[in-house]
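Coordinates as given in query-v7.pdb (PDB, C-alpha atoms):
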ATOM      1  CA  MET A   1      15.110  -7.570 -10.165  1.00  0.00           C
ATOM      2  CA  PRO A   2      16.054  -6.391  -6.658  1.00  0.00           C
ATOM      3  CA  ASN A   3      13.065  -5.453  -4.547  1.00  0.00           C
ATOM      4  CA  LEU A   4      14.972  -3.415  -1.988  1.00  0.00           C
ATOM      5  CA  TYR A   5      17.062  -0.290  -2.450  1.00  0.00           C
ATOM      6  CA  ARG A   6      19.044   1.155   0.390  1.00  0.00           C
ATOM      7  CA  PHE A   7      20.776   4.508   0.196  1.00  0.00           C
ATOM      8  CA  ASN A   8      22.757   6.576   2.624  1.00  0.00           C
ATOM      9  CA  PHE A   9      22.213  10.267   3.245  1.00  0.00           C
ATOM     10  CA  SER A  10      24.856  10.747   5.934  1.00  0.00           C
ATOM     11  CA  HIS A  11      26.380  13.631   3.965  1.00  0.00           C
ATOM     12  CA  GLN A  12      23.106  15.557   4.316  1.00  0.00           C
ATOM     13  CA  VAL A  13      20.826  16.426   7.195  1.00  0.00           C
ATOM     14  CA  LEU A  14      17.602  15.589   5.361  1.00  0.00           C
ATOM     15  CA  PRO A  15      16.754  12.392   3.491  1.00  0.00           C
ATOM     16  CA  TYR A  16      17.367  13.290  -0.159  1.00  0.00           C
ATOM     17  CA  LEU A  17      16.969  10.454  -2.640  1.00  0.00           C
ATOM     18  CA  PRO A  18      19.064  10.413  -5.832  1.00  0.00           C
ATOM     19  CA  LEU A  19      16.967   9.624  -8.896  1.00  0.00           C
ATOM     20  CA  GLU A  20      16.840  10.277 -12.600  1.00  0.00           C
ATOM     21  CA  LEU A  21      13.834  11.893 -14.218  1.00  0.00           C
ATOM     22  CA  SER A  22      13.201  11.528 -17.913  1.00  0.00           C
ATOM     23  CA  ARG A  23      10.745  12.612 -20.560  1.00  0.00           C
ATOM     24  CA  GLU A  24      11.043  11.502 -24.161  1.00  0.00           C
ATOM     25  CA  GLU A  25      14.788  11.628 -24.844  1.00  0.00           C
ATOM     26  CA  LYS A  26      15.690  14.108 -22.118  1.00  0.00           C
ATOM     27  CA  LYS A  27      17.022  13.087 -18.726  1.00  0.00           C
ATOM     28  CA  VAL A  28      18.034  14.943 -15.616  1.00  0.00           C
ATOM     29  CA  ALA A  29      19.672  13.642 -12.445  1.00  0.00           C
ATOM     30  CA  VAL A  30      18.139  15.098  -9.304  1.00  0.00           C
ATOM     31  CA  ILE A  31      17.925  14.575  -5.587  1.00  0.00           C
ATOM     32  CA  GLY A  32      14.413  14.483  -4.187  1.00  0.00           C
ATOM     33  CA  LEU A  33      13.447  15.259  -0.617  1.00  0.00           C
ATOM     34  CA  LEU A  34      11.492  12.419   0.968  1.00  0.00           C
ATOM     35  CA  ASP A  35       8.692  14.446   2.513  1.00  0.00           C
ATOM     36  CA  THR A  36       6.020  12.454   4.304  1.00  0.00           C
ATOM     37  CA  GLY A  37       4.194  15.687   5.058  1.00  0.00           C
ATOM     38  CA  SER A  38       3.730  16.560   1.406  1.00  0.00           C
ATOM     39  CA  THR A  39       0.500  15.633  -0.327  1.00  0.00           C
ATOM     40  CA  VAL A  40       2.077  15.626  -3.791  1.00  0.00           C
ATOM     41  CA  ASN A  41       5.392  15.392  -5.622  1.00  0.00           C
ATOM     42  CA  VAL A  42       6.807  18.791  -6.551  1.00  0.00           C
ATOM     43  CA  LEU A  43       9.120  19.687  -9.427  1.00  0.00           C
ATOM     44  CA  PRO A  44      10.873  23.082  -9.596  1.00  0.00           C
ATOM     45  CA  TYR A  45      10.473  25.067 -12.790  1.00  0.00           C
ATOM     46  CA  HIS A  46      14.019  24.779 -14.102  1.00  0.00           C
ATOM     47  CA  MET A  47      13.986  20.983 -13.845  1.00  0.00           C
ATOM     48  CA  GLY A  48      10.858  20.810 -16.003  1.00  0.00           C
ATOM     49  CA  ALA A  49      12.402  23.190 -18.501  1.00  0.00           C
ATOM     50  CA  GLN A  50      15.493  20.994 -18.693  1.00  0.00           C
ATOM     51  CA  LEU A  51      13.210  18.094 -19.532  1.00  0.00           C
ATOM     52  CA  GLY A  52      11.710  20.058 -22.413  1.00  0.00           C
ATOM     53  CA  LEU A  53       8.415  20.909 -20.780  1.00  0.00           C
ATOM     54  CA  VAL A  54       6.726  24.084 -22.003  1.00  0.00           C
ATOM     55  CA  TRP A  55       4.678  25.851 -19.366  1.00  0.00           C
ATOM     56  CA  GLU A  56       2.083  27.236 -21.777  1.00  0.00           C
ATOM     57  CA  GLU A  57       1.348  23.752 -23.090  1.00  0.00           C
ATOM     58  CA  GLN A  58       0.406  22.338 -19.685  1.00  0.00           C
ATOM     59  CA  THR A  59      -3.333  22.431 -19.132  1.00  0.00           C
ATOM     60  CA  THR A  60      -3.671  20.590 -15.810  1.00  0.00           C
ATOM     61  CA  VAL A  61      -3.881  23.413 -13.293  1.00  0.00           C
ATOM     62  CA  LEU A  62      -3.078  22.625  -9.666  1.00  0.00           C
ATOM     63  CA  GLU A  63      -3.460  24.560  -6.454  1.00  0.00           C
ATOM     64  CA  LEU A  64      -0.849  23.947  -3.821  1.00  0.00           C
ATOM     65  CA  ALA A  65      -0.729  24.756  -0.127  1.00  0.00           C
ATOM     66  CA  GLY A  66       1.773  25.671   2.535  1.00  0.00           C
ATOM     67  CA  ASN A  67       4.658  27.878   1.403  1.00  0.00           C
ATOM     68  CA  LEU A  68       3.713  27.058  -2.187  1.00  0.00           C
ATOM     69  CA  ARG A  69       0.195  28.438  -1.822  1.00  0.00           C
ATOM     70  CA  ASP A  70       0.894  31.421  -4.086  1.00  0.00           C
ATOM     71  CA  VAL A  71       2.951  29.535  -6.646  1.00  0.00           C
ATOM     72  CA  GLU A  72       1.257  28.393  -9.847  1.00  0.00           C
ATOM     73  CA  ALA A  73       1.577  24.709 -10.631  1.00  0.00           C
ATOM     74  CA  ARG A  74       0.729  22.300 -13.446  1.00  0.00           C
ATOM     75  CA  GLY A  75       0.286  18.539 -13.308  1.00  0.00           C
ATOM     76  CA  ILE A  76       2.790  16.559 -15.374  1.00  0.00           C
ATOM     77  CA  LEU A  77       3.922  12.935 -15.659  1.00  0.00           C
ATOM     78  CA  LEU A  78       7.545  11.821 -15.820  1.00  0.00           C
ATOM     79  CA  ASN A  79       9.468   8.592 -15.886  1.00  0.00           C
ATOM     80  CA  ALA A  80      11.744   8.026 -12.914  1.00  0.00           C
ATOM     81  CA  THR A  81      14.674   5.686 -12.443  1.00  0.00           C
ATOM     82  CA  ILE A  82      15.533   4.857  -8.841  1.00  0.00           C
ATOM     83  CA  GLY A  83      18.282   2.466  -7.886  1.00  0.00           C
ATOM     84  CA  GLN A  84      17.883  -0.866  -9.641  1.00  0.00           C
ATOM     85  CA  PHE A  85      14.092  -0.659  -9.896  1.00  0.00           C
ATOM     86  CA  SER A  86      12.381  -0.631 -13.260  1.00  0.00           C
ATOM     87  CA  ASP A  87      11.355   2.814 -14.427  1.00  0.00           C
ATOM     88  CA  ILE A  88       8.216   4.091 -12.788  1.00  0.00           C
ATOM     89  CA  ARG A  89       5.745   6.814 -13.642  1.00  0.00           C
ATOM     90  CA  LEU A  90       5.641   9.742 -11.216  1.00  0.00           C
ATOM     91  CA  ALA A  91       3.119  12.572 -11.231  1.00  0.00           C
ATOM     92  CA  PHE A  92       4.496  15.989 -10.279  1.00  0.00           C
ATOM     93  CA  ALA A  93       3.143  19.394  -9.479  1.00  0.00           C
ATOM     94  CA  TRP A  94       5.452  21.402 -11.740  1.00  0.00           C
ATOM     95  CA  THR A  95       5.770  24.808 -10.106  1.00  0.00           C
ATOM     96  CA  GLN A  96       6.619  28.155 -11.602  1.00  0.00           C
ATOM     97  CA  SER A  97       9.255  28.591  -8.930  1.00  0.00           C
ATOM     98  CA  SER A  98      12.812  27.320  -9.255  1.00  0.00           C
ATOM     99  CA  ASP A  99      13.429  28.128  -5.628  1.00  0.00           C
ATOM    100  CA  VAL A 100      12.038  24.852  -4.332  1.00  0.00           C
ATOM    101  CA  PRO A 101      13.579  21.416  -4.016  1.00  0.00           C
ATOM    102  CA  VAL A 102      12.314  18.337  -5.777  1.00  0.00           C
ATOM    103  CA  ILE A 103       9.819  16.994  -3.249  1.00  0.00           C
ATOM    104  CA  LEU A 104       8.665  13.396  -3.165  1.00  0.00           C
ATOM    105  CA  GLY A 105       5.260  13.201  -1.474  1.00  0.00           C
ATOM    106  CA  HIS A 106       2.266  10.953  -1.064  1.00  0.00           C
ATOM    107  CA  ILE A 107       0.902  11.285  -4.611  1.00  0.00           C
ATOM    108  CA  ASN A 108       2.401   9.292  -5.899  1.00  0.00           C
ATOM    109  CA  PHE A 109       5.857   8.515  -4.505  1.00  0.00           C
ATOM    110  CA  PHE A 110       4.729   7.166  -1.138  1.00  0.00           C
ATOM    111  CA  ARG A 111       1.975   5.214  -2.868  1.00  0.00           C
ATOM    112  CA  THR A 112       4.532   3.586  -5.112  1.00  0.00           C
ATOM    113  CA  PHE A 113       7.158   2.746  -2.521  1.00  0.00           C
ATOM    114  CA  GLU A 114       7.212   1.487   1.018  1.00  0.00           C
ATOM    115  CA  VAL A 115       9.768   3.723   2.692  1.00  0.00           C
ATOM    116  CA  CYS A 116      11.708   3.156   5.897  1.00  0.00           C
ATOM    117  CA  ILE A 117      13.767   6.104   7.088  1.00  0.00           C
ATOM    118  CA  TYR A 118      16.436   5.196   9.620  1.00  0.00           C
ATOM    119  CA  SER A 119      17.109   8.757  10.616  1.00  0.00           C
ATOM    120  CA  SER A 120      19.684   8.257  13.347  1.00  0.00           C
ATOM    121  CA  GLN A 121      21.716   6.011  11.066  1.00  0.00           C
ATOM    122  CA  SER A 122      21.144   8.218   8.008  1.00  0.00           C
ATOM    123  CA  TYR A 123      19.898   5.647   5.564  1.00  0.00           C
ATOM    124  CA  VAL A 124      16.669   4.847   3.794  1.00  0.00           C
ATOM    125  CA  GLU A 125      15.219   1.623   2.465  1.00  0.00           C
ATOM    126  CA  LEU A 126      12.776   1.588  -0.454  1.00  0.00           C
ATOM    127  CA  ARG A 127      10.606  -1.296  -1.531  1.00  0.00           C
ATOM    128  CA  LEU A 128       8.008  -1.291  -4.294  1.00  0.00           C
ATOM    129  CA  ALA A 129       4.599  -1.137  -2.664  1.00  0.00           C
ATOM    130  CA  SER A 130       3.241  -3.921  -4.828  1.00  0.00           C
ATOM    131  CA  ASP A 131       5.926  -6.370  -3.661  1.00  0.00           C
TER     132      ASP A 131
ATOM    133  CA  MET B   1      12.207   6.098  29.427  1.00  0.00           C
ATOM    134  CA  LEU B   2      13.014   6.783  33.061  1.00  0.00           C
ATOM    135  CA  SER B   3      13.135   3.710  35.249  1.00  0.00           C
ATOM    136  CA  ALA B   4      10.759   3.465  38.188  1.00  0.00           C
ATOM    137  CA  ASP B   5      13.753   3.301  40.533  1.00  0.00           C
ATOM    138  CA  LEU B   6      15.181   6.522  39.190  1.00  0.00           C
ATOM    139  CA  LYS B   7      11.836   8.291  39.495  1.00  0.00           C
ATOM    140  CA  THR B   8      11.541   7.096  43.085  1.00  0.00           C
ATOM    141  CA  GLN B   9      15.064   8.295  43.879  1.00  0.00           C
ATOM    142  CA  ILE B  10      14.335  11.699  42.364  1.00  0.00           C
ATOM    143  CA  LEU B  11      11.110  12.106  44.286  1.00  0.00           C
ATOM    144  CA  GLU B  12      12.908  11.210  47.504  1.00  0.00           C
ATOM    145  CA  LEU B  13      15.403  14.041  47.062  1.00  0.00           C
ATOM    146  CA  PRO B  14      15.046  17.151  49.237  1.00  0.00           C
ATOM    147  CA  ILE B  15      13.090  19.897  47.540  1.00  0.00           C
ATOM    148  CA  HIS B  16      16.136  22.124  46.946  1.00  0.00           C
ATOM    149  CA  ASP B  17      17.885  19.233  45.194  1.00  0.00           C
ATOM    150  CA  ARG B  18      14.822  18.632  43.013  1.00  0.00           C
ATOM    151  CA  LEU B  19      14.705  22.353  42.134  1.00  0.00           C
ATOM    152  CA  GLU B  20      18.392  22.219  41.229  1.00  0.00           C
ATOM    153  CA  LEU B  21      17.665  19.172  39.080  1.00  0.00           C
ATOM    154  CA  VAL B  22      14.937  21.093  37.248  1.00  0.00           C
ATOM    155  CA  GLN B  23      17.400  23.928  36.585  1.00  0.00           C
ATOM    156  CA  VAL B  24      19.989  21.505  35.260  1.00  0.00           C
ATOM    157  CA  ILE B  25      17.437  19.910  32.940  1.00  0.00           C
ATOM    158  CA  VAL B  26      16.158  23.269  31.671  1.00  0.00           C
ATOM    159  CA  ALA B  27      19.717  24.441  30.988  1.00  0.00           C
ATOM    160  CA  SER B  28      20.387  21.209  29.168  1.00  0.00           C
ATOM    161  CA  LEU B  29      17.269  21.618  27.011  1.00  0.00           C
ATOM    162  CA  GLN B  30      18.185  25.205  26.158  1.00  0.00           C
ATOM    163  CA  ALA B  31      21.677  24.143  25.123  1.00  0.00           C
ATOM    164  CA  HIS B  32      20.165  21.369  23.026  1.00  0.00           C
ATOM    165  CA  LEU B  33      17.929  23.820  21.179  1.00  0.00           C
ATOM    166  CA  ARG B  34      20.830  26.224  20.660  1.00  0.00           C
ATOM    167  CA  ASN B  35      22.773  23.437  18.997  1.00  0.00           C
ATOM    168  CA  TYR B  36      19.922  22.721  16.597  1.00  0.00           C
ATOM    169  CA  PHE B  37      18.769  26.212  15.703  1.00  0.00           C
ATOM    170  CA  GLU B  38      20.798  29.249  14.747  1.00  0.00           C
ATOM    171  CA  PRO B  39      19.356  32.676  15.478  1.00  0.00           C
ATOM    172  CA  GLY B  40      18.640  34.549  12.262  1.00  0.00           C
ATOM    173  CA  MET B  41      18.843  31.458  10.085  1.00  0.00           C
ATOM    174  CA  VAL B  42      15.955  30.959   7.655  1.00  0.00           C
ATOM    175  CA  TYR B  43      14.512  27.462   7.840  1.00  0.00           C
ATOM    176  CA  GLU B  44      12.360  26.942   4.766  1.00  0.00           C
ATOM    177  CA  ILE B  45       9.441  24.559   4.800  1.00  0.00           C
ATOM    178  CA  TRP B  46       8.098  23.971   1.335  1.00  0.00           C
ATOM    179  CA  THR B  47       5.814  21.093   2.137  1.00  0.00           C
ATOM    180  CA  PRO B  48       2.457  21.464   0.366  1.00  0.00           C
ATOM    181  CA  ILE B  49       0.403  19.801   3.041  1.00  0.00           C
ATOM    182  CA  GLU B  50      -3.371  19.643   2.805  1.00  0.00           C
ATOM    183  CA  ALA B  51      -3.568  19.934  -0.962  1.00  0.00           C
ATOM    184  CA  PRO B  52      -6.232  17.294  -1.629  1.00  0.00           C
ATOM    185  CA  GLN B  53      -7.438  18.849  -4.883  1.00  0.00           C
ATOM    186  CA  ALA B  54      -3.936  18.804  -6.311  1.00  0.00           C
ATOM    187  CA  ALA B  55      -3.608  15.186  -5.212  1.00  0.00           C
ATOM    188  CA  ASP B  56      -6.906  14.226  -6.875  1.00  0.00           C
ATOM    189  CA  THR B  57      -5.910  15.986 -10.079  1.00  0.00           C
ATOM    190  CA  LEU B  58      -2.578  14.184 -10.213  1.00  0.00           C
ATOM    191  CA  LEU B  59      -4.299  10.864  -9.555  1.00  0.00           C
ATOM    192  CA  ASN B  60      -6.667  11.548 -12.444  1.00  0.00           C
ATOM    193  CA  LEU B  61      -3.679  12.411 -14.605  1.00  0.00           C
ATOM    194  CA  LEU B  62      -2.118   9.065 -13.735  1.00  0.00           C
ATOM    195  CA  GLU B  63      -5.386   7.255 -14.406  1.00  0.00           C
ATOM    196  CA  SER B  64      -5.659   8.799 -17.830  1.00  0.00           C
ATOM    197  CA  ASP B  65      -2.032   8.029 -18.651  1.00  0.00           C
ATOM    198  CA  GLN B  66      -1.659   5.469 -21.421  1.00  0.00           C
ATOM    199  CA  PRO B  67       1.807   4.075 -20.764  1.00  0.00           C
ATOM    200  CA  SER B  68       3.488   2.668 -23.816  1.00  0.00           C
ATOM    201  CA  ASP B  69       6.473   0.967 -22.276  1.00  0.00           C
ATOM    202  CA  GLN B  70       6.278   2.171 -18.710  1.00  0.00           C
ATOM    203  CA  PRO B  71       4.604   0.298 -15.890  1.00  0.00           C
ATOM    204  CA  SER B  72       1.912   2.114 -13.994  1.00  0.00           C
ATOM    205  CA  ALA B  73       3.263   3.252 -10.657  1.00  0.00           C
ATOM    206  CA  HIS B  74       0.219   4.407  -8.808  1.00  0.00           C
ATOM    207  CA  ALA B  75      -1.440   2.158  -6.327  1.00  0.00           C
TER     208      ALA B  75
END

Starting from the coordinates I provided, produce the structure as structure tokens.
Amino acid sequence: MPNLYRFNFSHQVLPYLPLELSREEKKVAVIGLLDTGSTVNVLPYHMGAQLGLVWEEQTTVLELAGNLRDVEARGILLNATIGQFSDIRLAFAWTQSSDVPVILGHINFFRTFEVCIYSSQSYVELRLASD
Amino acid sequence: MLSADLKTQILELPIHDRLELVQVIVASLQAHLRNYFEPGMVYEIWTPIEAPQAADTLLNLLESDQPSDQPSAHA
């Protein structure tokens, strides 16, 4: 099992990480913004819908901040596949807005991975935090 | 970082040369900013900073998760 995953984001200005999110039998390939300033992971509405989530069934109510202050959000758990790592469990604030990117923040992406962003060279290295 | 020699050389310049240097640097900084920002462009910042309650709730959600075949990912 490799303990290091390096990816290049030279085709984009910001560090977007390709990953696959899944729930039950549904999967969706996304790119998530590595956002060290974000307290939580954020999932746009349409991504959750593609994964079969039903808004009315989600009972974990969240309050967000920043530009998302006025957007309703629900707490959900998804499986995530990143590089060659084993699947991990990520908690997301699923928002009612589809006009946001997938954001990977401190809870719990940056608690799961050690992340080195080499911004001038446009690549990122991920390592499982428990390694 | 500027070397000590360069700083010394700059400070030894006549005042009109130092003023010209300031103008050159300011013009350079303005050009730099122009290259990075476009007037009228919307730069969205979605980051939900300072959302500790949302973070606590998600952590509780993870704690209560009973993974069947998935490893726990929270630290």

Restricting the calculation to only C-alpha atoms, which member of A:Arg23, A:Arg6, A:His46, A:His106 is positioned closest to chain B? A:His106

Go through A:Glu24, A:Asn108, A:His11, A:Val30 one by one, measure the shortest atom-to-atom distance of each to Asn60 in chain B using all atoms listed in the file, and give the residue with the smallest value. A:Asn108

Tell me, as a CSV table (one decimal) with C-alpha atoms, in the frame of the given file, which residues lie within 6 Å of Ser97 in chain A, counting only C-alpha atoms; anything in the same chain fewer than 2 positions away does not count.
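File written: result_35.csv
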chain,number,residue,atom,x,y,z
A,44,PRO,CA,10.9,23.1,-9.6
A,45,TYR,CA,10.5,25.1,-12.8
A,95,THR,CA,5.8,24.8,-10.1
A,99,ASP,CA,13.4,28.1,-5.6

Please identify all polymer residues within 7 Å of Ala51 in chain B, counting only C-alpha atoms, omitting same-chain residues fewer than 5 positions from it, and present them as a ChimeraX atom specification. /A:39,64-65

What are the residues of chain A that have an atom within 8 Å of an atom of chain B, counting only C-alpha atoms, as an mmCIF file with C-alpha atoms, keeping the file's coordinate frame?
data_model
loop_
_atom_site.group_PDB
_atom_site.id
_atom_site.type_symbol
_atom_site.label_atom_id
_atom_site.label_comp_id
_atom_site.auth_asym_id
_atom_site.auth_seq_id
_atom_site.Cartn_x
_atom_site.Cartn_y
_atom_site.Cartn_z
ATOM 1 C CA ASP A 35 8.692 14.446 2.513
ATOM 2 C CA GLY A 37 4.194 15.687 5.058
ATOM 3 C CA SER A 38 3.730 16.560 1.406
ATOM 4 C CA THR A 39 0.500 15.633 -0.327
ATOM 5 C CA VAL A 40 2.077 15.626 -3.791
ATOM 6 C CA THR A 60 -3.671 20.590 -15.810
ATOM 7 C CA LEU A 62 -3.078 22.625 -9.666
ATOM 8 C CA GLU A 63 -3.460 24.560 -6.454
ATOM 9 C CA LEU A 64 -0.849 23.947 -3.821
ATOM 10 C CA ALA A 65 -0.729 24.756 -0.127
ATOM 11 C CA GLY A 66 1.773 25.671 2.535
ATOM 12 C CA ASN A 67 4.658 27.878 1.403
ATOM 13 C CA LEU A 68 3.713 27.058 -2.187
ATOM 14 C CA ARG A 69 0.195 28.438 -1.822
ATOM 15 C CA GLY A 75 0.286 18.539 -13.308
ATOM 16 C CA ILE A 76 2.790 16.559 -15.374
ATOM 17 C CA LEU A 77 3.922 12.935 -15.659
ATOM 18 C CA ASN A 79 9.468 8.592 -15.886
ATOM 19 C CA ASP A 87 11.355 2.814 -14.427
ATOM 20 C CA ILE A 88 8.216 4.091 -12.788
ATOM 21 C CA ARG A 89 5.745 6.814 -13.642
ATOM 22 C CA LEU A 90 5.641 9.742 -11.216
ATOM 23 C CA ALA A 91 3.119 12.572 -11.231
ATOM 24 C CA PHE A 92 4.496 15.989 -10.279
ATOM 25 C CA ALA A 93 3.143 19.394 -9.479
ATOM 26 C CA VAL A 100 12.038 24.852 -4.332
ATOM 27 C CA ILE A 103 9.819 16.994 -3.249
ATOM 28 C CA ILE A 107 0.902 11.285 -4.611
ATOM 29 C CA ASN A 108 2.401 9.292 -5.899
ATOM 30 C CA ARG A 111 1.975 5.214 -2.868
ATOM 31 C CA THR A 112 4.532 3.586 -5.112
ATOM 32 C CA ALA A 129 4.599 -1.137 -2.664
ATOM 33 C CA SER A 130 3.241 -3.921 -4.828
#

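Residues captured in this structure file are A:Leu4, A:Tyr5, A:Arg6, A:Phe7, A:Glu114, A:Val115, A:Cys116, A:Ile117, A:Tyr118, A:Tyr123, A:Val124, A:Leu126, A:Arg127, according to the PyMOL selection byres ((chain A and resi 125) around 9).
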
Between CA of Val28 in chain A and CA of Gln121 in chain A, what is the distance in Å, rounded to a tenth?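 A separation of 28.4 Å between them.
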
How far is it from CA of Leu53 in chain A to CA of Pro18 in chain A, in Å with one decimal?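 That distance, rounded to one decimal, is 21.1 Å.
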
Grab the CA of Glu25 in chain A to CA of Asn3 in chain A distance for me, in Å with one decimal place.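 So the answer is 26.6 Å.
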
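Applied to this file, the PyMOL selection byres ((chain A and resi 19) around 10) selects Tyr16, Leu17, Pro18, Glu20, Leu21, Ser22, Val28, Ala29, Val30, Ile31, Gly32, Ala80, Thr81, Ile82 and Gly83 of chain A.
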
Could you give me the axis-aligned bounding box of range 48-57 of chain B, with 6 Å of padding per side, as centre plus edge lengths in Å to one decimal, as JSON?
{"center_x": -2.5, "center_y": 17.8, "center_z": -3.5, "size_x": 21.9, "size_y": 19.2, "size_z": 25.1}

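When the PyMOL selection byres ((chain A and resi 13) around 12) is evaluated against the file, it yields Asn8, Phe9, Ser10, His11, Gln12, Leu14, Pro15, Tyr16, Leu33, Leu34, Ser119, Ser120, Gln121, Ser122 and Tyr123 of chain A; Tyr36 of chain B.
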
Can you spit out the residues from that selection as a compact mmCIF listing (two decimals), keeping the file's coordinate frame, using C-alpha atoms?
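See again.txt below for the written result:
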# COMPACT_ATOMS: atom_id res chain seq x y z
CA ASN A 8 22.76 6.58 2.62
CA PHE A 9 22.21 10.27 3.24
CA SER A 10 24.86 10.75 5.93
CA HIS A 11 26.38 13.63 3.96
CA GLN A 12 23.11 15.56 4.32
CA LEU A 14 17.60 15.59 5.36
CA PRO A 15 16.75 12.39 3.49
CA TYR A 16 17.37 13.29 -0.16
CA LEU A 33 13.45 15.26 -0.62
CA LEU A 34 11.49 12.42 0.97
CA SER A 119 17.11 8.76 10.62
CA SER A 120 19.68 8.26 13.35
CA GLN A 121 21.72 6.01 11.07
CA SER A 122 21.14 8.22 8.01
CA TYR A 123 19.90 5.65 5.56
CA TYR B 36 19.92 22.72 16.60

For range 71-82 of chain A, supply N, CA and C atoms and format the output as a PDB file, in the frame of the given file.
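Output file part.pdb is given in full below:
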ATOM      1  N   VAL A  71       2.163  29.906  -5.468  1.00  0.00           N
ATOM      2  CA  VAL A  71       2.951  29.535  -6.646  1.00  0.00           C
ATOM      3  C   VAL A  71       2.072  28.732  -7.598  1.00  0.00           C
ATOM      4  N   GLU A  72       2.046  29.146  -8.861  1.00  0.00           N
ATOM      5  CA  GLU A  72       1.257  28.393  -9.847  1.00  0.00           C
ATOM      6  C   GLU A  72       1.894  27.043 -10.109  1.00  0.00           C
ATOM      7  N   ALA A  73       1.054  26.051 -10.387  1.00  0.00           N
ATOM      8  CA  ALA A  73       1.577  24.709 -10.631  1.00  0.00           C
ATOM      9  C   ALA A  73       0.752  24.008 -11.702  1.00  0.00           C
ATOM     10  N   ARG A  74       1.391  23.097 -12.414  1.00  0.00           N
ATOM     11  CA  ARG A  74       0.729  22.300 -13.446  1.00  0.00           C
ATOM     12  C   ARG A  74       1.031  20.818 -13.197  1.00  0.00           C
ATOM     13  N   GLY A  75       0.086  19.982 -13.484  1.00  0.00           N
ATOM     14  CA  GLY A  75       0.286  18.539 -13.308  1.00  0.00           C
ATOM     15  C   GLY A  75       0.993  17.951 -14.516  1.00  0.00           C
ATOM     16  N   ILE A  76       2.060  17.195 -14.268  1.00  0.00           N
ATOM     17  CA  ILE A  76       2.790  16.559 -15.374  1.00  0.00           C
ATOM     18  C   ILE A  76       3.193  15.146 -14.940  1.00  0.00           C
ATOM     19  N   LEU A  77       3.482  14.308 -15.919  1.00  0.00           N
ATOM     20  CA  LEU A  77       3.922  12.935 -15.659  1.00  0.00           C
ATOM     21  C   LEU A  77       5.332  12.746 -16.203  1.00  0.00           C
ATOM     22  N   LEU A  78       6.165  12.086 -15.410  1.00  0.00           N
ATOM     23  CA  LEU A  78       7.545  11.821 -15.820  1.00  0.00           C
ATOM     24  C   LEU A  78       7.901  10.378 -15.529  1.00  0.00           C
ATOM     25  N   ASN A  79       8.903   9.890 -16.238  1.00  0.00           N
ATOM     26  CA  ASN A  79       9.468   8.592 -15.886  1.00  0.00           C
ATOM     27  C   ASN A  79      10.578   8.822 -14.870  1.00  0.00           C
ATOM     28  N   ALA A  80      10.709   7.890 -13.939  1.00  0.00           N
ATOM     29  CA  ALA A  80      11.744   8.026 -12.914  1.00  0.00           C
ATOM     30  C   ALA A  80      12.501   6.716 -12.779  1.00  0.00           C
ATOM     31  N   THR A  81      13.817   6.852 -12.672  1.00  0.00           N
ATOM     32  CA  THR A  81      14.674   5.686 -12.443  1.00  0.00           C
ATOM     33  C   THR A  81      15.284   5.829 -11.059  1.00  0.00           C
ATOM     34  N   ILE A  82      15.036   4.831 -10.222  1.00  0.00           N
ATOM     35  CA  ILE A  82      15.533   4.857  -8.841  1.00  0.00           C
ATOM     36  C   ILE A  82      16.241   3.548  -8.560  1.00  0.00           C
TER      37      ILE A  82
END
